[in-house]
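Next comes target03.cif, with mmCIF, C-alpha atoms and all ligand atoms.
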```cif
data_protein
loop_
_atom_site.label_atom_id
_atom_site.label_comp_id
_atom_site.auth_asym_id
_atom_site.auth_seq_id
_atom_site.Cartn_x
_atom_site.Cartn_y
_atom_site.Cartn_z
CA MET B 1 -15.80 150.59 -47.67
CA ASP B 2 -15.24 150.09 -51.37
CA GLY B 3 -12.19 148.84 -53.26
CA ASN B 4 -10.96 145.86 -51.25
CA GLY B 5 -11.04 143.69 -54.36
CA ARG B 6 -9.10 146.21 -56.44
CA TRP B 7 -6.54 146.66 -53.68
CA ALA B 8 -5.89 142.91 -53.71
CA LYS B 9 -5.91 142.56 -57.49
CA ARG B 10 -3.22 145.22 -57.89
CA ARG B 11 -1.02 143.19 -55.58
CA GLY B 12 -1.72 139.88 -57.23
CA LEU B 13 -3.63 138.69 -54.17
CA PRO B 14 -7.04 137.01 -53.91
CA ARG B 15 -10.01 139.31 -53.25
CA THR B 16 -10.39 137.76 -49.82
CA ALA B 17 -6.99 139.19 -48.83
CA GLY B 18 -8.34 142.64 -49.68
CA HIS B 19 -11.34 142.13 -47.42
CA THR B 20 -9.06 141.02 -44.59
CA GLU B 21 -6.94 144.13 -45.07
CA GLY B 22 -10.10 146.24 -45.17
CA GLU B 23 -11.25 144.90 -41.81
CA GLU B 24 -7.85 145.71 -40.30
CA ASN B 25 -8.07 149.18 -41.74
CA LEU B 26 -11.48 149.75 -40.22
CA ALA B 27 -10.03 148.93 -36.79
CA ALA B 28 -7.27 151.47 -37.46
CA ILE B 29 -9.68 154.15 -38.70
CA VAL B 30 -11.87 153.68 -35.63
CA ARG B 31 -8.84 154.44 -33.45
CA VAL B 32 -8.07 157.58 -35.46
CA ALA B 33 -11.70 158.72 -35.49
CA VAL B 34 -11.79 158.48 -31.70
CA THR B 35 -8.77 160.76 -31.40
CA ARG B 36 -10.54 163.25 -33.70
CA ASN B 37 -13.61 163.27 -31.46
CA VAL B 38 -15.91 161.92 -34.13
CA GLY B 39 -19.31 161.31 -32.53
CA TRP B 40 -20.81 158.91 -35.01
CA LEU B 41 -19.09 156.71 -37.57
CA THR B 42 -21.28 154.53 -39.77
CA VAL B 43 -19.75 152.03 -42.16
CA PHE B 44 -21.23 149.97 -44.96
CA GLY B 45 -19.94 146.46 -44.32
CA PHE B 46 -22.25 144.31 -46.41
CA SER B 47 -25.27 145.20 -48.49
CA THR B 48 -28.53 143.45 -49.29
CA GLU B 49 -27.11 143.13 -52.83
CA ASN B 50 -23.81 141.52 -51.81
CA TRP B 51 -25.24 138.00 -51.20
CA VAL B 52 -24.94 137.18 -54.91
CA ARG B 53 -21.13 137.25 -54.73
CA PRO B 54 -19.28 133.92 -54.97
CA ARG B 55 -20.00 131.77 -51.97
CA THR B 56 -16.40 131.59 -50.78
CA GLU B 57 -16.10 135.37 -50.86
CA VAL B 58 -19.37 135.81 -48.93
CA ARG B 59 -18.23 133.29 -46.36
CA HIS B 60 -14.95 135.13 -45.93
CA ILE B 61 -16.70 138.48 -45.48
CA LEU B 62 -19.07 136.91 -42.93
CA GLY B 63 -16.10 135.62 -40.97
CA LEU B 64 -14.55 139.08 -41.01
CA HIS B 65 -17.72 140.53 -39.53
CA ARG B 66 -17.54 137.99 -36.75
CA ARG B 67 -13.97 139.20 -36.16
CA LEU B 68 -15.03 142.85 -36.31
CA PHE B 69 -17.89 142.41 -33.86
CA GLY B 70 -15.56 140.33 -31.73
CA ARG B 71 -13.25 143.29 -31.03
CA VAL B 72 -15.18 144.08 -27.88
CA GLU B 73 -12.18 144.49 -25.61
CA GLU B 74 -10.53 146.96 -27.97
CA LEU B 75 -13.76 148.89 -28.44
CA ASN B 76 -14.35 149.06 -24.70
CA GLN B 77 -10.84 150.46 -24.22
CA LEU B 78 -11.73 153.14 -26.75
CA ASN B 79 -15.11 153.76 -25.07
CA VAL B 80 -16.79 153.04 -28.43
CA GLN B 81 -20.40 151.94 -28.53
CA VAL B 82 -21.27 149.50 -31.31
CA LYS B 83 -24.56 149.46 -33.16
CA TRP B 84 -25.77 147.40 -36.07
CA MET B 85 -28.30 148.26 -38.74
CA GLY B 86 -29.68 146.02 -41.43
CA ARG B 87 -32.59 143.80 -42.31
CA PRO B 88 -34.04 142.32 -39.13
CA PHE B 89 -32.86 138.71 -38.87
CA ASP B 90 -36.40 137.31 -38.91
CA THR B 91 -37.65 139.07 -42.04
CA PRO B 92 -38.14 137.26 -45.36
CA GLY B 93 -34.96 137.34 -47.43
CA ALA B 94 -32.66 137.99 -44.47
CA ARG B 95 -29.85 135.47 -44.56
CA THR B 96 -27.46 136.46 -41.78
CA PRO B 97 -26.15 133.20 -40.29
CA LYS B 98 -26.60 132.52 -36.61
CA TYR B 99 -22.92 132.90 -35.73
CA VAL B 100 -22.86 136.43 -37.15
CA GLN B 101 -26.14 137.26 -35.40
CA ARG B 102 -24.64 136.14 -32.11
CA ALA B 103 -21.47 138.20 -32.65
CA ILE B 104 -23.58 141.26 -33.47
CA ARG B 105 -25.83 140.87 -30.40
CA LYS B 106 -22.85 140.34 -28.13
CA ALA B 107 -20.91 143.35 -29.42
CA VAL B 108 -23.96 145.60 -29.12
CA ALA B 109 -24.75 144.38 -25.59
CA ASP B 110 -21.16 144.39 -24.33
CA THR B 111 -20.43 147.94 -25.52
CA ALA B 112 -23.81 149.47 -24.65
CA GLN B 113 -22.40 151.21 -21.57
CA ASN B 114 -19.74 153.10 -23.54
CA THR B 115 -20.26 156.82 -23.85
CA GLY B 116 -17.79 157.75 -26.60
CA MET B 117 -18.03 157.41 -30.36
CA VAL B 118 -20.89 155.35 -31.78
CA LEU B 119 -19.70 152.94 -34.44
CA THR B 120 -22.57 151.64 -36.52
CA VAL B 121 -21.93 148.74 -38.86
CA ALA B 122 -24.42 148.32 -41.67
CA PHE B 123 -24.64 144.61 -42.42
CA ASP B 124 -27.24 143.12 -44.76
CA TYR B 125 -28.26 146.74 -45.11
CA GLY B 126 -30.05 148.44 -47.97
CA SER B 127 -31.58 151.87 -47.84
CA ARG B 128 -34.59 150.92 -49.93
CA ALA B 129 -35.39 147.91 -47.74
CA GLU B 130 -35.05 150.17 -44.70
CA LEU B 131 -37.47 152.74 -46.10
CA VAL B 132 -40.05 150.15 -47.13
CA GLN B 133 -39.85 148.66 -43.64
CA ALA B 134 -40.16 152.10 -42.04
CA ALA B 135 -43.31 152.89 -44.03
CA LEU B 136 -44.86 149.50 -43.20
CA ASP B 137 -44.01 149.86 -39.51
CA ALA B 138 -45.42 153.38 -39.38
CA ARG B 139 -48.67 152.09 -40.84
CA ARG B 140 -48.71 149.10 -38.47
CA ASP B 141 -48.40 151.53 -35.57
CA GLY B 142 -51.43 153.40 -36.84
CA GLU B 143 -49.46 156.46 -37.87
CA ILE B 144 -50.03 158.37 -41.03
CA VAL B 145 -47.07 158.10 -43.39
CA SER B 146 -45.15 161.34 -43.00
CA GLU B 147 -41.53 162.45 -42.86
CA SER B 148 -41.48 162.26 -39.10
CA SER B 149 -43.19 158.85 -38.91
CA ILE B 150 -40.69 157.41 -41.41
CA SER B 151 -37.74 159.00 -39.57
CA ASN B 152 -39.01 157.45 -36.35
CA HIS B 153 -39.21 153.98 -37.89
CA LEU B 154 -35.78 153.77 -39.51
CA TYR B 155 -33.60 150.90 -38.27
CA LEU B 156 -31.78 153.29 -35.92
CA PRO B 157 -33.89 156.42 -35.50
CA GLU B 158 -31.31 157.80 -33.07
CA LEU B 159 -28.67 158.28 -35.77
CA PRO B 160 -28.20 162.00 -36.44
CA PRO B 161 -28.28 163.43 -39.97
CA VAL B 162 -25.10 162.58 -41.87
CA ASP B 163 -22.48 165.35 -42.18
CA VAL B 164 -20.22 163.71 -44.73
CA VAL B 165 -20.37 160.61 -46.88
CA VAL B 166 -17.05 159.06 -47.88
CA ARG B 167 -16.84 157.05 -51.08
CA THR B 168 -13.56 155.32 -51.68
CA SER B 169 -11.92 153.72 -54.68
CA GLY B 170 -12.68 156.30 -57.35
CA GLU B 171 -16.41 155.55 -57.51
CA ARG B 172 -18.19 158.85 -57.92
CA ARG B 173 -21.62 157.68 -56.95
CA ILE B 174 -23.88 156.95 -54.01
CA SER B 175 -25.11 153.39 -53.56
CA ASN B 176 -28.04 152.01 -51.58
CA PHE B 177 -26.73 153.63 -48.40
CA MET B 178 -28.64 155.85 -45.96
CA LEU B 179 -30.50 157.65 -48.73
CA TRP B 180 -32.95 159.19 -46.28
CA GLN B 181 -30.28 160.27 -43.80
CA ILE B 182 -27.78 161.86 -46.22
CA VAL B 183 -29.95 164.73 -47.39
CA GLY B 184 -27.70 167.78 -47.25
CA ALA B 185 -24.52 165.79 -46.54
CA ARG B 186 -21.17 166.64 -48.08
CA VAL B 187 -19.69 163.89 -50.22
CA TYR B 188 -15.98 163.12 -50.07
CA PHE B 189 -14.67 161.17 -53.04
CA THR B 190 -11.23 159.66 -53.07
CA GLU B 191 -9.25 157.52 -55.50
CA ARG B 192 -7.83 155.55 -52.61
CA THR B 193 -9.21 152.07 -52.06
CA TRP B 194 -10.63 151.32 -48.62
CA PRO B 195 -7.51 149.48 -47.34
CA GLU B 196 -5.47 152.59 -48.29
CA PHE B 197 -7.81 155.04 -46.58
CA GLY B 198 -5.78 156.53 -43.74
CA ALA B 199 -5.73 159.30 -41.17
CA ALA B 200 -4.96 162.05 -43.70
CA GLU B 201 -7.96 161.05 -45.78
CA LEU B 202 -10.19 160.94 -42.74
CA ASP B 203 -9.03 164.42 -41.79
CA ALA B 204 -9.78 165.72 -45.28
CA ALA B 205 -13.29 164.25 -45.10
CA LEU B 206 -13.83 165.78 -41.67
CA ALA B 207 -12.63 169.16 -42.93
CA LEU B 208 -15.17 168.95 -45.75
CA ALA B 209 -17.88 168.11 -43.24
CA ALA B 210 -17.00 171.19 -41.20
CA SER B 211 -16.77 173.55 -44.18
C1 LIG Y 1 -15.79 146.35 -50.61
O1 LIG Y 1 -14.81 145.97 -51.53
C2 LIG Y 1 -16.22 145.24 -49.70
C3 LIG Y 1 -17.62 144.78 -49.82
C4 LIG Y 1 -18.47 145.25 -50.68
C5 LIG Y 1 -18.06 143.73 -48.92
P1 LIG Y 1 -15.23 145.43 -52.95
O2 LIG Y 1 -15.36 143.95 -52.86
O3 LIG Y 1 -16.42 146.17 -53.45
O4 LIG Y 1 -13.96 145.77 -53.84
P2 LIG Y 1 -13.95 146.14 -55.41
O5 LIG Y 1 -15.01 147.15 -55.64
O6 LIG Y 1 -14.19 144.87 -56.14
O7 LIG Y 1 -12.56 146.68 -55.64
MG MG Y 2 -16.94 147.46 -54.91
#
```

Final structure tokens representation of the file:
Amino acid sequence: MDGNGRWAKRRGLPRTAGHTEGEENLAAIVRVAVTRNVGWLTVFGFSTENWVRPRTEVRHILGLHRRLFGRVEELNQLNVQVKWMGRPFDTPGARTPKYVQRAIRKAVADTAQNTGMVLTVAFDYGSRAELVQAALDARRDGEIVSESSISNHLYLPELPPVDVVVRTSGERRISNFMLWQIVGARVYFTERTWPEFGAAELDAALALAAS
């Protein structure tokens, strides 16, 4: 969900205001995606690289994730199941504070019964860390390292292959996001920043996925 900072800068607002707007927009896009019968929506909320940002900005983004994972009532009304993927909280280098961990666990548990769209939030997520972990876990389980053993040891092995990747804010590149899972995916690039990404853009991305 790229471009929150640019969205704010263009309006003479602090970057944090852009992140707040981005969180609101995610809630809106989830509602639209449900009406479009999207089965799986996976968003990159915070990466393993993002911790180096200024402390006040990181703290603000953490608070927004608590708010996001706190939208349980809304998500239950939409029949949306929440999942999280990222570095396990107990691994070296993982820095997710306890209050965010609690919000994540609660959202996952309290929406587990829902049968509609699966919303996965990647938080403290990096594709390379995920793949290293998958290879280590496969070996720990006594499996030979193969495509299927790695697939089975990803953070969320149940996620289906990705149909379309959306990159907002004019960045024409892929970052450290689901590199294993996006093989064969379409890529939808848009100049719009994440807070500006609306229903029409989602529909265009979905059309690309179906083409
Ligand atoms: C995305 O917006 C939010 C996070 C990475 C957490 P950015 O913060 O990357 O916004 P830009 O790229 O500076 O515009
Ligand atoms: Mg950015």

Original post:
Neighbours of ligand LIG 1 (chain Y) within 6 Å, counting all atoms listed in the file, as a PyMOL selection string?
Top reply: chain B and resi 1-6+45-46

Residues at most 9 Å from region 115-124 of chain B, counting all atoms listed in the file, excluding those fewer than 4 positions away in the same chain, as a PDB file with C-alpha atoms, in the frame of the given file?
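Writing the result to out.pdb gives the following:
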```
ATOM      1  CA  VAL B  30     -11.870 153.680 -35.630  1.00  0.00           C
ATOM      2  CA  ALA B  33     -11.700 158.720 -35.490  1.00  0.00           C
ATOM      3  CA  VAL B  34     -11.790 158.480 -31.700  1.00  0.00           C
ATOM      4  CA  ASN B  37     -13.610 163.270 -31.460  1.00  0.00           C
ATOM      5  CA  VAL B  38     -15.910 161.920 -34.130  1.00  0.00           C
ATOM      6  CA  GLY B  39     -19.310 161.310 -32.530  1.00  0.00           C
ATOM      7  CA  TRP B  40     -20.810 158.910 -35.010  1.00  0.00           C
ATOM      8  CA  LEU B  41     -19.090 156.710 -37.570  1.00  0.00           C
ATOM      9  CA  THR B  42     -21.280 154.530 -39.770  1.00  0.00           C
ATOM     10  CA  VAL B  43     -19.750 152.030 -42.160  1.00  0.00           C
ATOM     11  CA  PHE B  44     -21.230 149.970 -44.960  1.00  0.00           C
ATOM     12  CA  GLY B  45     -19.940 146.460 -44.320  1.00  0.00           C
ATOM     13  CA  PHE B  46     -22.250 144.310 -46.410  1.00  0.00           C
ATOM     14  CA  SER B  47     -25.270 145.200 -48.490  1.00  0.00           C
ATOM     15  CA  THR B  48     -28.530 143.450 -49.290  1.00  0.00           C
ATOM     16  CA  GLU B  49     -27.110 143.130 -52.830  1.00  0.00           C
ATOM     17  CA  ASN B  50     -23.810 141.520 -51.810  1.00  0.00           C
ATOM     18  CA  TRP B  51     -25.240 138.000 -51.200  1.00  0.00           C
ATOM     19  CA  HIS B  65     -17.720 140.530 -39.530  1.00  0.00           C
ATOM     20  CA  LEU B  78     -11.730 153.140 -26.750  1.00  0.00           C
ATOM     21  CA  ASN B  79     -15.110 153.760 -25.070  1.00  0.00           C
ATOM     22  CA  VAL B  80     -16.790 153.040 -28.430  1.00  0.00           C
ATOM     23  CA  GLN B  81     -20.400 151.940 -28.530  1.00  0.00           C
ATOM     24  CA  VAL B  82     -21.270 149.500 -31.310  1.00  0.00           C
ATOM     25  CA  LYS B  83     -24.560 149.460 -33.160  1.00  0.00           C
ATOM     26  CA  TRP B  84     -25.770 147.400 -36.070  1.00  0.00           C
ATOM     27  CA  MET B  85     -28.300 148.260 -38.740  1.00  0.00           C
ATOM     28  CA  GLY B  86     -29.680 146.020 -41.430  1.00  0.00           C
ATOM     29  CA  ARG B  87     -32.590 143.800 -42.310  1.00  0.00           C
ATOM     30  CA  PRO B  88     -34.040 142.320 -39.130  1.00  0.00           C
ATOM     31  CA  ALA B  94     -32.660 137.990 -44.470  1.00  0.00           C
ATOM     32  CA  ARG B  95     -29.850 135.470 -44.560  1.00  0.00           C
ATOM     33  CA  THR B  96     -27.460 136.460 -41.780  1.00  0.00           C
ATOM     34  CA  PHE B 177     -26.730 153.630 -48.400  1.00  0.00           C
TER      35      PHE B 177
END
```

Original post:
For Arg59 (chain B), which residue out of B:Thr16, B:Asn114, B:Thr35, B:Gln101 is the nearest one, using all atoms listed in the file?
Top reply: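 Comparing B:Thr16, B:Asn114, B:Thr35, B:Gln101 against Arg59 (chain B), the winner is B:Thr16.
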
Original post:
For ligand MG 2 (chain Y), which of B:Leu26, B:Trp7, B:Met178, B:Arg139 is the closest residue, counting only C-alpha atoms and all ligand atoms?
Top reply: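 Of all the options, B:Trp7 lies closest to ligand MG 2 (chain Y).
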
**OP:** Using only C-alpha atoms, determine which residues lie at most 8 Å from Ile104 (chain B), disregarding the query and same-chain residues fewer than 2 positions distant; provide the list as an MDAnalysis selection string.
**Re:** chainID B and resid 66 69 84 100:102 106:108

Need to verify the contact set: Gly170 (chain B), 8 Å, all atoms listed in the file, exclusion of same-chain residues closer than 5 positions in sequence. Can you return it as an mmCIF file with C-alpha atoms, in the coordinates of the input?
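Wrote out.cif, looks like this:
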```cif
data_model
loop_
_atom_site.group_PDB
_atom_site.id
_atom_site.type_symbol
_atom_site.label_atom_id
_atom_site.label_comp_id
_atom_site.auth_asym_id
_atom_site.auth_seq_id
_atom_site.Cartn_x
_atom_site.Cartn_y
_atom_site.Cartn_z
ATOM 1 C CA PHE B 189 -14.670 161.170 -53.040
ATOM 2 C CA THR B 190 -11.230 159.660 -53.070
ATOM 3 C CA GLU B 191 -9.250 157.520 -55.500
ATOM 4 C CA ARG B 192 -7.830 155.550 -52.610
ATOM 5 C CA THR B 193 -9.210 152.070 -52.060
#
```

Got a sec: who's within 12 Å of Ser149 (chain B), counting only C-alpha atoms, leaving out chain neighbours fewer than 3 positions off, as a PDB file with C-alpha atoms, in the frame of the given file?
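Once written, out-v7.pdb looks like this:
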```pdb
ATOM      1  CA  LEU B 131     -37.470 152.740 -46.100  1.00  0.00           C
ATOM      2  CA  GLN B 133     -39.850 148.660 -43.640  1.00  0.00           C
ATOM      3  CA  ALA B 134     -40.160 152.100 -42.040  1.00  0.00           C
ATOM      4  CA  ALA B 135     -43.310 152.890 -44.030  1.00  0.00           C
ATOM      5  CA  LEU B 136     -44.860 149.500 -43.200  1.00  0.00           C
ATOM      6  CA  ASP B 137     -44.010 149.860 -39.510  1.00  0.00           C
ATOM      7  CA  ALA B 138     -45.420 153.380 -39.380  1.00  0.00           C
ATOM      8  CA  ARG B 139     -48.670 152.090 -40.840  1.00  0.00           C
ATOM      9  CA  ARG B 140     -48.710 149.100 -38.470  1.00  0.00           C
ATOM     10  CA  ASP B 141     -48.400 151.530 -35.570  1.00  0.00           C
ATOM     11  CA  GLY B 142     -51.430 153.400 -36.840  1.00  0.00           C
ATOM     12  CA  GLU B 143     -49.460 156.460 -37.870  1.00  0.00           C
ATOM     13  CA  ILE B 144     -50.030 158.370 -41.030  1.00  0.00           C
ATOM     14  CA  VAL B 145     -47.070 158.100 -43.390  1.00  0.00           C
ATOM     15  CA  SER B 146     -45.150 161.340 -43.000  1.00  0.00           C
ATOM     16  CA  ASN B 152     -39.010 157.450 -36.350  1.00  0.00           C
ATOM     17  CA  HIS B 153     -39.210 153.980 -37.890  1.00  0.00           C
ATOM     18  CA  LEU B 154     -35.780 153.770 -39.510  1.00  0.00           C
ATOM     19  CA  PRO B 157     -33.890 156.420 -35.500  1.00  0.00           C
TER      20      PRO B 157
END
```

Original post:
When you draw a straight line from CA of Arg36 (chain B) to CA of Gln77 (chain B), how long is it in Å?
Top reply: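 So the two atoms, CA of Arg36 (chain B) and CA of Gln77 (chain B), lie 15.9 Å apart.
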
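CA of Arg31 (chain B) is positioned 18.1 Å from CA of Ala112 (chain B).
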
Taking all atoms of region 66-83 of chain B that the file lists, what box with edges along x, y and z, padded by 4 Å per side, do you get, with centre and edge lengths in Å to one decimal, as lines of an AutoDock Vina configuration file?
```
center_x = -17.5
center_y = 145.9
center_z = -30.5
size_x = 22.0
size_y = 23.8
size_z = 20.5
```

Original post:
Just how far from CA of Ile61 (chain B) is CA of His19 (chain B), in Å to one decimal?
Top reply: 6.8 Å

Original post:
Out of B:Ala185, B:Leu13, B:Ala28, B:Leu179, which residue has the shortest atom-to-atom distance to Ala129 (chain B) when counting only C-alpha atoms?
Top reply: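 Distance minimum relative to Ala129 (chain B) lands on B:Leu179.
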
Output region 120-148 of chain B with N, CA and C atoms present, as a PDB file, keeping the file's coordinate frame.
```pdb
ATOM      1  N   THR B 120     -21.466 152.436 -35.996  1.00  0.00           N
ATOM      2  CA  THR B 120     -22.570 151.640 -36.520  1.00  0.00           C
ATOM      3  C   THR B 120     -22.088 150.874 -37.744  1.00  0.00           C
ATOM      4  N   VAL B 121     -22.300 149.575 -37.722  1.00  0.00           N
ATOM      5  CA  VAL B 121     -21.930 148.740 -38.860  1.00  0.00           C
ATOM      6  C   VAL B 121     -23.213 148.339 -39.584  1.00  0.00           C
ATOM      7  N   ALA B 122     -23.275 148.711 -40.848  1.00  0.00           N
ATOM      8  CA  ALA B 122     -24.420 148.320 -41.670  1.00  0.00           C
ATOM      9  C   ALA B 122     -24.095 146.961 -42.283  1.00  0.00           C
ATOM     10  N   PHE B 123     -24.868 145.969 -41.929  1.00  0.00           N
ATOM     11  CA  PHE B 123     -24.640 144.610 -42.420  1.00  0.00           C
ATOM     12  C   PHE B 123     -25.966 144.036 -42.881  1.00  0.00           C
ATOM     13  N   ASP B 124     -25.992 143.476 -44.087  1.00  0.00           N
ATOM     14  CA  ASP B 124     -27.240 143.120 -44.760  1.00  0.00           C
ATOM     15  C   ASP B 124     -28.160 144.343 -44.761  1.00  0.00           C
ATOM     16  N   TYR B 125     -27.555 145.455 -45.113  1.00  0.00           N
ATOM     17  CA  TYR B 125     -28.260 146.740 -45.110  1.00  0.00           C
ATOM     18  C   TYR B 125     -28.535 147.194 -46.537  1.00  0.00           C
ATOM     19  N   GLY B 126     -29.711 147.752 -46.731  1.00  0.00           N
ATOM     20  CA  GLY B 126     -30.050 148.440 -47.970  1.00  0.00           C
ATOM     21  C   GLY B 126     -30.999 149.558 -47.620  1.00  0.00           C
ATOM     22  N   SER B 127     -30.761 150.718 -48.173  1.00  0.00           N
ATOM     23  CA  SER B 127     -31.580 151.870 -47.840  1.00  0.00           C
ATOM     24  C   SER B 127     -33.030 151.685 -48.286  1.00  0.00           C
ATOM     25  N   ARG B 128     -33.219 151.098 -49.442  1.00  0.00           N
ATOM     26  CA  ARG B 128     -34.590 150.920 -49.930  1.00  0.00           C
ATOM     27  C   ARG B 128     -35.365 149.960 -49.037  1.00  0.00           C
ATOM     28  N   ALA B 129     -34.724 148.857 -48.654  1.00  0.00           N
ATOM     29  CA  ALA B 129     -35.390 147.910 -47.740  1.00  0.00           C
ATOM     30  C   ALA B 129     -35.728 148.614 -46.429  1.00  0.00           C
ATOM     31  N   GLU B 130     -34.811 149.453 -45.956  1.00  0.00           N
ATOM     32  CA  GLU B 130     -35.050 150.170 -44.700  1.00  0.00           C
ATOM     33  C   GLU B 130     -36.268 151.099 -44.823  1.00  0.00           C
ATOM     34  N   LEU B 131     -36.366 151.790 -45.944  1.00  0.00           N
ATOM     35  CA  LEU B 131     -37.470 152.740 -46.100  1.00  0.00           C
ATOM     36  C   LEU B 131     -38.809 152.044 -46.274  1.00  0.00           C
ATOM     37  N   VAL B 132     -38.808 150.924 -46.985  1.00  0.00           N
ATOM     38  CA  VAL B 132     -40.050 150.150 -47.130  1.00  0.00           C
ATOM     39  C   VAL B 132     -40.506 149.675 -45.746  1.00  0.00           C
ATOM     40  N   GLN B 133     -39.543 149.142 -44.994  1.00  0.00           N
ATOM     41  CA  GLN B 133     -39.850 148.660 -43.640  1.00  0.00           C
ATOM     42  C   GLN B 133     -40.372 149.795 -42.755  1.00  0.00           C
ATOM     43  N   ALA B 134     -39.747 150.961 -42.871  1.00  0.00           N
ATOM     44  CA  ALA B 134     -40.160 152.100 -42.040  1.00  0.00           C
ATOM     45  C   ALA B 134     -41.606 152.501 -42.355  1.00  0.00           C
ATOM     46  N   ALA B 135     -41.946 152.516 -43.646  1.00  0.00           N
ATOM     47  CA  ALA B 135     -43.310 152.890 -44.030  1.00  0.00           C
ATOM     48  C   ALA B 135     -44.315 151.853 -43.528  1.00  0.00           C
ATOM     49  N   LEU B 136     -43.960 150.569 -43.671  1.00  0.00           N
ATOM     50  CA  LEU B 136     -44.860 149.500 -43.200  1.00  0.00           C
ATOM     51  C   LEU B 136     -45.044 149.576 -41.687  1.00  0.00           C
ATOM     52  N   ASP B 137     -43.929 149.820 -40.972  1.00  0.00           N
ATOM     53  CA  ASP B 137     -44.010 149.860 -39.510  1.00  0.00           C
ATOM     54  C   ASP B 137     -44.795 151.081 -39.028  1.00  0.00           C
ATOM     55  N   ALA B 138     -44.655 152.184 -39.742  1.00  0.00           N
ATOM     56  CA  ALA B 138     -45.420 153.380 -39.380  1.00  0.00           C
ATOM     57  C   ALA B 138     -46.914 153.088 -39.512  1.00  0.00           C
ATOM     58  N   ARG B 139     -47.258 152.426 -40.611  1.00  0.00           N
ATOM     59  CA  ARG B 139     -48.670 152.090 -40.840  1.00  0.00           C
ATOM     60  C   ARG B 139     -49.175 151.107 -39.790  1.00  0.00           C
ATOM     61  N   ARG B 140     -48.343 150.095 -39.485  1.00  0.00           N
ATOM     62  CA  ARG B 140     -48.710 149.100 -38.470  1.00  0.00           C
ATOM     63  C   ARG B 140     -49.008 149.772 -37.125  1.00  0.00           C
ATOM     64  N   ASP B 141     -48.209 150.814 -36.825  1.00  0.00           N
ATOM     65  CA  ASP B 141     -48.400 151.530 -35.570  1.00  0.00           C
ATOM     66  C   ASP B 141     -49.536 152.544 -35.627  1.00  0.00           C
ATOM     67  N   GLY B 142     -50.278 152.530 -36.724  1.00  0.00           N
ATOM     68  CA  GLY B 142     -51.430 153.400 -36.840  1.00  0.00           C
ATOM     69  C   GLY B 142     -51.081 154.846 -37.127  1.00  0.00           C
ATOM     70  N   GLU B 143     -49.855 155.079 -37.579  1.00  0.00           N
ATOM     71  CA  GLU B 143     -49.460 156.460 -37.870  1.00  0.00           C
ATOM     72  C   GLU B 143     -49.716 156.756 -39.345  1.00  0.00           C
ATOM     73  N   ILE B 144     -49.974 158.005 -39.633  1.00  0.00           N
ATOM     74  CA  ILE B 144     -50.030 158.370 -41.030  1.00  0.00           C
ATOM     75  C   ILE B 144     -48.596 158.407 -41.550  1.00  0.00           C
ATOM     76  N   VAL B 145     -48.422 158.089 -42.838  1.00  0.00           N
ATOM     77  CA  VAL B 145     -47.070 158.100 -43.390  1.00  0.00           C
ATOM     78  C   VAL B 145     -46.655 159.547 -43.620  1.00  0.00           C
ATOM     79  N   SER B 146     -45.641 159.965 -42.897  1.00  0.00           N
ATOM     80  CA  SER B 146     -45.150 161.340 -43.000  1.00  0.00           C
ATOM     81  C   SER B 146     -43.639 161.305 -42.831  1.00  0.00           C
ATOM     82  N   GLU B 147     -42.986 162.432 -43.029  1.00  0.00           N
ATOM     83  CA  GLU B 147     -41.530 162.450 -42.860  1.00  0.00           C
ATOM     84  C   GLU B 147     -41.144 162.070 -41.441  1.00  0.00           C
ATOM     85  N   SER B 148     -41.894 162.582 -40.468  1.00  0.00           N
ATOM     86  CA  SER B 148     -41.480 162.260 -39.100  1.00  0.00           C
ATOM     87  C   SER B 148     -41.795 160.806 -38.757  1.00  0.00           C
TER      88      SER B 148
END
```
